[in-house]
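K.L.:
First, the structure itself, so that you have it in front of you.
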Amino acid sequence: MRRQILWSALAVAALTLAAGLVAGAAIQRQLVKESEAELLRQAEATANLVQGALRDALSASAGEDRVPLARTLEIARSIGGHDYVEATIVDRATPRQGNLDLPDTPLLDSLGEDPPLNRITETEVAGEPVLAYIRAIPFRQRGEATLLVAIGRSEPLLATNILARPLLFSLGIGAILAIILANWVAGFLSRRLQRLEATSRTIASGDFSVRAPTAGADDVARLGAAFNDMAEQLEESRRRERDFLMSVGHDLRTPLTTLRGYAEALDSGQIEEADLPRVAGVLQRQTDRLSRLIEDLTLLARLEAREFTLRPEPVELAAHLREIAEGQRVRSEQLHVQLVDQIDEVGTVTIDPDRVSQIMGNLLTNALRYTPEGGKVRIGLTGTAVGVTLTVADTGPGIDPEDLPRVFERLYVAQRYRPVRPEGSGLGLTIVKELTAALGGEVDVGSALGEGTTVTVRLPRTPVTAR
């Protein structure tokens, strides 16, 4: 992680430096253009000044006081901050002496006989580079003639390092600071993530009591909090798994102990012939209980591993539920529990009938276990355009509201509430939840202490993909 952050910081610094250099070059080009425009403006003003002085010099009478033209050029040079301000007559028929008083013109001389006009030109005067601008001024006071006015500057319009050096320096300092900061952040995050990694490895080794540090309010702290939540859930899951195995071991041990005891008694001849029917009945009940527990464990394992298939087909669901209810009616009569069906006609539903039978069978068996003699178990079915609702309600002792969120945990209800009849594996509600989810539905439980419990299963009319 540290290497990635450092490389990212270097990439950002390099991109920032490149972008800064491009922006600096653009700014410098703009400043050069503005400097050229200013130089042209000054050259225009100087040319106008010299033109006025020349006009005055040519029109002055002998002995009249006037400012010499050379002085005018010097004033223009000083005001404009130029190194050269020169003027000359192109028409050689007009002499330079007399009242014109023109000084030497080294800048114009360096440009030759046909100097470029009205643009900035690079030249050399006495081996020194100079930027020059020449303006041609026609006048007719003394015949046809042209006055050339030139201004020159030995320094460049804009020093090339006026922006480059400060910009490079600033960007370099920024890049160094960015790398230092990135290194510090990478180290800080790396140390915290290393502690989180150590915690995860400790949990992977089987110690679920450790927790990750959660100091701070950043993403790593939130990650640590989420990790701790996961660790708590794993610890709780491990505890439930352990309790489940202990409970299953106890439930397996009880029928096995009974079977072993009677088998030893039969083998030793301790059971009278008159007691054989009774013993056979006990052995059958314990064998059924053991078989039911093993079947439920196997089914639950397959459901949780998603190693089962669905075979949807068109089913007259109302008739199917009446058939399931009739299969439980004999047992309910033996237990003196009234079984009432309130099944509406919902038409044909495309669903797996075997899975529906498992769901309703577990719910009815569970309801009969907790409903005392004289009580009532009601099975209901209603439908809508998009789904059907199956209900199984009993008049048993009910479930505490605090326990309702956990009723679908394995063996939770069986451990918390003593059934009226001990038969069953205690896995029925867990299996119902897994099967309902596989069919694309949902299940919930409503209950009140002393009034009974209602389990509601909602299933879609459209089939789900077989798994």
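Residues are named by chain letter and number: chains run A, B, ... in the order of the structure tokens, numbers start at 1 in each chain, and ligands are numbered from 1 in the order shown.
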Excluding segment 211-225 of chain A and any residue of its chain fewer than 3 positions from it, enumerate the residues within 8 Å of it, using only C-alpha atoms, and give them as a ChimeraX atom specification.
P.N.:
/A:189,192-193,195-196,199,228-229,231
K.L.:
I'd like the neighbourhood of Asp352 of chain A as a ChimeraX atom specification, where a residue qualifies if any of its atoms comes within 12 Å (using only C-alpha atoms), though same-chain residues fewer than 4 positions away should be ignored.
P.N.:
/A:309-317,320,356-359,435-436,438-440,459-467
K.L.:
Output C-alpha atoms of each residue in that selection to a file, as an mmCIF file, in the first residue's frame.
P.N.:
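Below is the file that was written, part_24.cif:
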data_model
loop_
_atom_site.group_PDB
_atom_site.id
_atom_site.type_symbol
_atom_site.label_atom_id
_atom_site.label_comp_id
_atom_site.auth_asym_id
_atom_site.auth_seq_id
_atom_site.Cartn_x
_atom_site.Cartn_y
_atom_site.Cartn_z
ATOM 1 C CA THR A 309 -33.246 -28.476 -6.560
ATOM 2 C CA LEU A 310 -36.667 -26.967 -7.133
ATOM 3 C CA ARG A 311 -39.148 -28.551 -9.518
ATOM 4 C CA PRO A 312 -41.930 -26.009 -10.108
ATOM 5 C CA GLU A 313 -45.134 -27.263 -11.683
ATOM 6 C CA PRO A 314 -48.761 -26.068 -11.902
ATOM 7 C CA VAL A 315 -50.477 -26.928 -8.605
ATOM 8 C CA GLU A 316 -54.045 -26.457 -7.363
ATOM 9 C CA LEU A 317 -52.714 -25.046 -4.123
ATOM 10 C CA HIS A 320 -52.884 -29.514 -2.069
ATOM 11 C CA VAL A 356 -44.694 -26.636 0.055
ATOM 12 C CA SER A 357 -45.498 -29.932 1.761
ATOM 13 C CA GLN A 358 -42.274 -29.714 3.758
ATOM 14 C CA ILE A 359 -43.030 -26.132 4.820
ATOM 15 C CA LEU A 435 -37.284 -23.397 2.052
ATOM 16 C CA THR A 436 -39.385 -20.220 1.860
ATOM 17 C CA ALA A 438 -35.534 -20.818 -1.840
ATOM 18 C CA LEU A 439 -39.059 -20.444 -3.261
ATOM 19 C CA GLY A 440 -38.587 -16.672 -3.490
ATOM 20 C CA LEU A 459 -44.949 -17.010 -1.807
ATOM 21 C CA PRO A 460 -44.988 -15.595 -5.362
ATOM 22 C CA ARG A 461 -47.224 -17.037 -8.064
ATOM 23 C CA THR A 462 -44.400 -16.931 -10.600
ATOM 24 C CA PRO A 463 -41.829 -19.734 -10.371
ATOM 25 C CA VAL A 464 -38.275 -19.142 -9.277
ATOM 26 C CA THR A 465 -35.205 -20.562 -10.980
ATOM 27 C CA ALA A 466 -34.504 -24.097 -9.913
ATOM 28 C CA ARG A 467 -31.386 -24.580 -7.882
#
K.L.:
Mind the document's chain letters and residue numbers, and return as a list of chain:residue names the residues of segment 178-209 of chain A that DSSP labels helix (DSSP H, G or I).
P.N.:
A:Ala178, A:Ile179, A:Ile180, A:Leu181, A:Ala182, A:Asn183, A:Trp184, A:Val185, A:Ala186, A:Gly187, A:Phe188, A:Leu189, A:Ser190, A:Arg191, A:Arg192, A:Leu193, A:Gln194, A:Arg195, A:Leu196, A:Glu197, A:Ala198, A:Thr199, A:Ser200, A:Arg201, A:Thr202, A:Ile203, A:Ala204
K.L.:
Got time to write the residues from that selection, N, CA and C atoms, as a PDB file, in the first residue's frame?
P.N.:
ATOM      1  N   ALA A 178       4.500  17.008  -1.167  1.00  0.00           N
ATOM      2  CA  ALA A 178       3.475  15.998  -1.448  1.00  0.00           C
ATOM      3  C   ALA A 178       4.011  14.593  -1.215  1.00  0.00           C
ATOM      4  N   ILE A 179       5.243  14.346  -1.636  1.00  0.00           N
ATOM      5  CA  ILE A 179       5.840  13.021  -1.433  1.00  0.00           C
ATOM      6  C   ILE A 179       6.046  12.750   0.055  1.00  0.00           C
ATOM      7  N   ILE A 180       6.515  13.759   0.795  1.00  0.00           N
ATOM      8  CA  ILE A 180       6.709  13.579   2.241  1.00  0.00           C
ATOM      9  C   ILE A 180       5.375  13.288   2.920  1.00  0.00           C
ATOM     10  N   LEU A 181       4.348  14.071   2.545  1.00  0.00           N
ATOM     11  CA  LEU A 181       3.028  13.852   3.137  1.00  0.00           C
ATOM     12  C   LEU A 181       2.477  12.485   2.753  1.00  0.00           C
ATOM     13  N   ALA A 182       2.650  12.099   1.484  1.00  0.00           N
ATOM     14  CA  ALA A 182       2.162  10.786   1.054  1.00  0.00           C
ATOM     15  C   ALA A 182       2.873   9.667   1.797  1.00  0.00           C
ATOM     16  N   ASN A 183       4.173   9.822   2.024  1.00  0.00           N
ATOM     17  CA  ASN A 183       4.924   8.810   2.753  1.00  0.00           C
ATOM     18  C   ASN A 183       4.425   8.703   4.191  1.00  0.00           C
ATOM     19  N   TRP A 184       4.148   9.862   4.801  1.00  0.00           N
ATOM     20  CA  TRP A 184       3.647   9.840   6.173  1.00  0.00           C
ATOM     21  C   TRP A 184       2.254   9.192   6.245  1.00  0.00           C
ATOM     22  N   VAL A 185       1.373   9.589   5.305  1.00  0.00           N
ATOM     23  CA  VAL A 185       0.026   9.013   5.291  1.00  0.00           C
ATOM     24  C   VAL A 185       0.093   7.514   5.025  1.00  0.00           C
ATOM     25  N   ALA A 186       0.953   7.103   4.076  1.00  0.00           N
ATOM     26  CA  ALA A 186       1.081   5.687   3.762  1.00  0.00           C
ATOM     27  C   ALA A 186       1.565   4.903   4.974  1.00  0.00           C
ATOM     28  N   GLY A 187       2.565   5.442   5.676  1.00  0.00           N
ATOM     29  CA  GLY A 187       3.048   4.767   6.872  1.00  0.00           C
ATOM     30  C   GLY A 187       1.989   4.688   7.956  1.00  0.00           C
ATOM     31  N   PHE A 188       1.256   5.794   8.129  1.00  0.00           N
ATOM     32  CA  PHE A 188       0.203   5.836   9.152  1.00  0.00           C
ATOM     33  C   PHE A 188      -0.881   4.808   8.859  1.00  0.00           C
ATOM     34  N   LEU A 189      -1.344   4.794   7.588  1.00  0.00           N
ATOM     35  CA  LEU A 189      -2.372   3.834   7.218  1.00  0.00           C
ATOM     36  C   LEU A 189      -1.844   2.406   7.245  1.00  0.00           C
ATOM     37  N   SER A 190      -0.606   2.237   6.830  1.00  0.00           N
ATOM     38  CA  SER A 190      -0.027   0.891   6.801  1.00  0.00           C
ATOM     39  C   SER A 190       0.049   0.300   8.199  1.00  0.00           C
ATOM     40  N   ARG A 191       0.456   1.108   9.167  1.00  0.00           N
ATOM     41  CA  ARG A 191       0.536   0.591  10.541  1.00  0.00           C
ATOM     42  C   ARG A 191      -0.840   0.195  11.058  1.00  0.00           C
ATOM     43  N   ARG A 192      -1.845   1.012  10.755  1.00  0.00           N
ATOM     44  CA  ARG A 192      -3.192   0.681  11.226  1.00  0.00           C
ATOM     45  C   ARG A 192      -3.736  -0.562  10.517  1.00  0.00           C
ATOM     46  N   LEU A 193      -3.472  -0.673   9.221  1.00  0.00           N
ATOM     47  CA  LEU A 193      -3.937  -1.850   8.492  1.00  0.00           C
ATOM     48  C   LEU A 193      -3.190  -3.106   8.910  1.00  0.00           C
ATOM     49  N   GLN A 194      -1.927  -2.938   9.313  1.00  0.00           N
ATOM     50  CA  GLN A 194      -1.185  -4.096   9.815  1.00  0.00           C
ATOM     51  C   GLN A 194      -1.800  -4.628  11.104  1.00  0.00           C
ATOM     52  N   ARG A 195      -2.265  -3.703  11.977  1.00  0.00           N
ATOM     53  CA  ARG A 195      -2.941  -4.149  13.195  1.00  0.00           C
ATOM     54  C   ARG A 195      -4.247  -4.863  12.859  1.00  0.00           C
ATOM     55  N   LEU A 196      -4.955  -4.335  11.847  1.00  0.00           N
ATOM     56  CA  LEU A 196      -6.179  -4.997  11.416  1.00  0.00           C
ATOM     57  C   LEU A 196      -5.883  -6.372  10.826  1.00  0.00           C
ATOM     58  N   GLU A 197      -4.794  -6.475  10.066  1.00  0.00           N
ATOM     59  CA  GLU A 197      -4.396  -7.767   9.503  1.00  0.00           C
ATOM     60  C   GLU A 197      -4.053  -8.759  10.606  1.00  0.00           C
ATOM     61  N   ALA A 198      -3.313  -8.286  11.631  1.00  0.00           N
ATOM     62  CA  ALA A 198      -2.958  -9.170  12.740  1.00  0.00           C
ATOM     63  C   ALA A 198      -4.207  -9.667  13.466  1.00  0.00           C
ATOM     64  N   THR A 199      -5.186  -8.767  13.619  1.00  0.00           N
ATOM     65  CA  THR A 199      -6.430  -9.169  14.267  1.00  0.00           C
ATOM     66  C   THR A 199      -7.161 -10.220  13.445  1.00  0.00           C
ATOM     67  N   SER A 200      -7.198 -10.019  12.127  1.00  0.00           N
ATOM     68  CA  SER A 200      -7.895 -10.986  11.265  1.00  0.00           C
ATOM     69  C   SER A 200      -7.215 -12.356  11.306  1.00  0.00           C
ATOM     70  N   ARG A 201      -5.891 -12.352  11.366  1.00  0.00           N
ATOM     71  CA  ARG A 201      -5.174 -13.638  11.431  1.00  0.00           C
ATOM     72  C   ARG A 201      -5.432 -14.334  12.767  1.00  0.00           C
ATOM     73  N   THR A 202      -5.540 -13.547  13.831  1.00  0.00           N
ATOM     74  CA  THR A 202      -5.836 -14.143  15.135  1.00  0.00           C
ATOM     75  C   THR A 202      -7.224 -14.779  15.124  1.00  0.00           C
ATOM     76  N   ILE A 203      -8.192 -14.075  14.520  1.00  0.00           N
ATOM     77  CA  ILE A 203      -9.542 -14.634  14.417  1.00  0.00           C
ATOM     78  C   ILE A 203      -9.541 -15.879  13.541  1.00  0.00           C
ATOM     79  N   ALA A 204      -8.758 -15.841  12.447  1.00  0.00           N
ATOM     80  CA  ALA A 204      -8.680 -17.008  11.566  1.00  0.00           C
ATOM     81  C   ALA A 204      -8.108 -18.220  12.284  1.00  0.00           C
TER      82      ALA A 204
END
K.L.:
Would you pick out the contacts of segment 110-118 of chain A at 10 Å or less, using only C-alpha atoms, so that residues sharing its chain but fewer than 2 positions from it are not included, and give the list as a PyMOL selection string?
P.N.:
chain A and resi 40+43-44+90+105-108+120-126+132-136+148-150
K.L.:
For a test of reading the model, state the distance in Å between atom CA of Pro401 of chain A and atom CA of Thr454 of chain A, rounded to one decimal.
P.N.:
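So the two atoms, atom CA of Pro401 of chain A and atom CA of Thr454 of chain A, lie 12.9 Å apart.
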K.L.:
Between A:Ser447, A:Thr257, A:Gln334, A:Ser268, which is the closest to Thr287 of chain A once you count only C-alpha atoms?
P.N.:
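Going through A:Ser447, A:Thr257, A:Gln334, A:Ser268 one by one, the smallest distance to Thr287 of chain A is for A:Thr257.
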K.L.:
Taking the backbone alone, and naming residues the way the document does, which bits of segment 227-348 of chain A are strand (DSSP E) by DSSP, as a count of residues only?
P.N.:
11
K.L.:
Any idea what's packed within 8 Å of Gly398 of chain A, counting only C-alpha atoms, ignoring anything in its chain fewer than 6 positions away? Could you give it as a ChimeraX atom specification?
P.N.:
/A:447-453
K.L.:
I need the residue nearest Pro372 of chain A from this list: A:Thr348, A:Ser154, A:Gln338, A:Thr391. Use only C-alpha atoms for the distance.
P.N.:
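So, comparing all the options, the nearest one is A:Gln338.
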K.L.:
Could you check how far atom CA of Arg29 of chain A sits from atom CA of Gly80 of chain A, in Å to one decimal?
P.N.:
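We find that atom CA of Arg29 of chain A and atom CA of Gly80 of chain A lie 22.5 Å from each other.
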K.L.:
Go ahead and compute the interatomic distance for atom CA of Leu234 of chain A and atom CA of Ala301 of chain A, in Å to one decimal.
P.N.:
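Separating atom CA of Leu234 of chain A from atom CA of Ala301 of chain A is a distance of 18.4 Å.
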K.L.:
Do a neighbour search on Leu283 of chain A at 12 Å with only C-alpha atoms, toss out local chain neighbours closer than 6 positions, and write the hits as a JSON list (two decimals) with C-alpha atoms, in the first residue's frame.
P.N.:
[["chain", "number", "residue", "atom", "x", "y", "z"],
["A", 255, "PRO", "CA", -33.02, -42.33, 21.73],
["A", 256, "LEU", "CA", -29.75, -44.19, 21.33],
["A", 257, "THR", "CA", -29.59, -44.81, 25.08],
["A", 258, "THR", "CA", -33.16, -46.09, 25.03],
["A", 259, "LEU", "CA", -32.46, -48.33, 22.04],
["A", 260, "ARG", "CA", -29.29, -49.70, 23.63],
["A", 261, "GLY", "CA", -31.03, -50.38, 26.96],
["A", 262, "TYR", "CA", -33.88, -52.32, 25.43],
["A", 263, "ALA", "CA", -31.53, -54.15, 23.07],
["A", 266, "LEU", "CA", -33.83, -58.29, 24.97],
["A", 276, "LEU", "CA", -42.82, -57.24, 24.02],
["A", 277, "PRO", "CA", -45.60, -55.17, 22.33],
["A", 289, "ARG", "CA", -37.45, -39.75, 16.53],
["A", 290, "LEU", "CA", -33.86, -40.60, 15.63],
["A", 291, "SER", "CA", -34.71, -40.90, 11.95]]
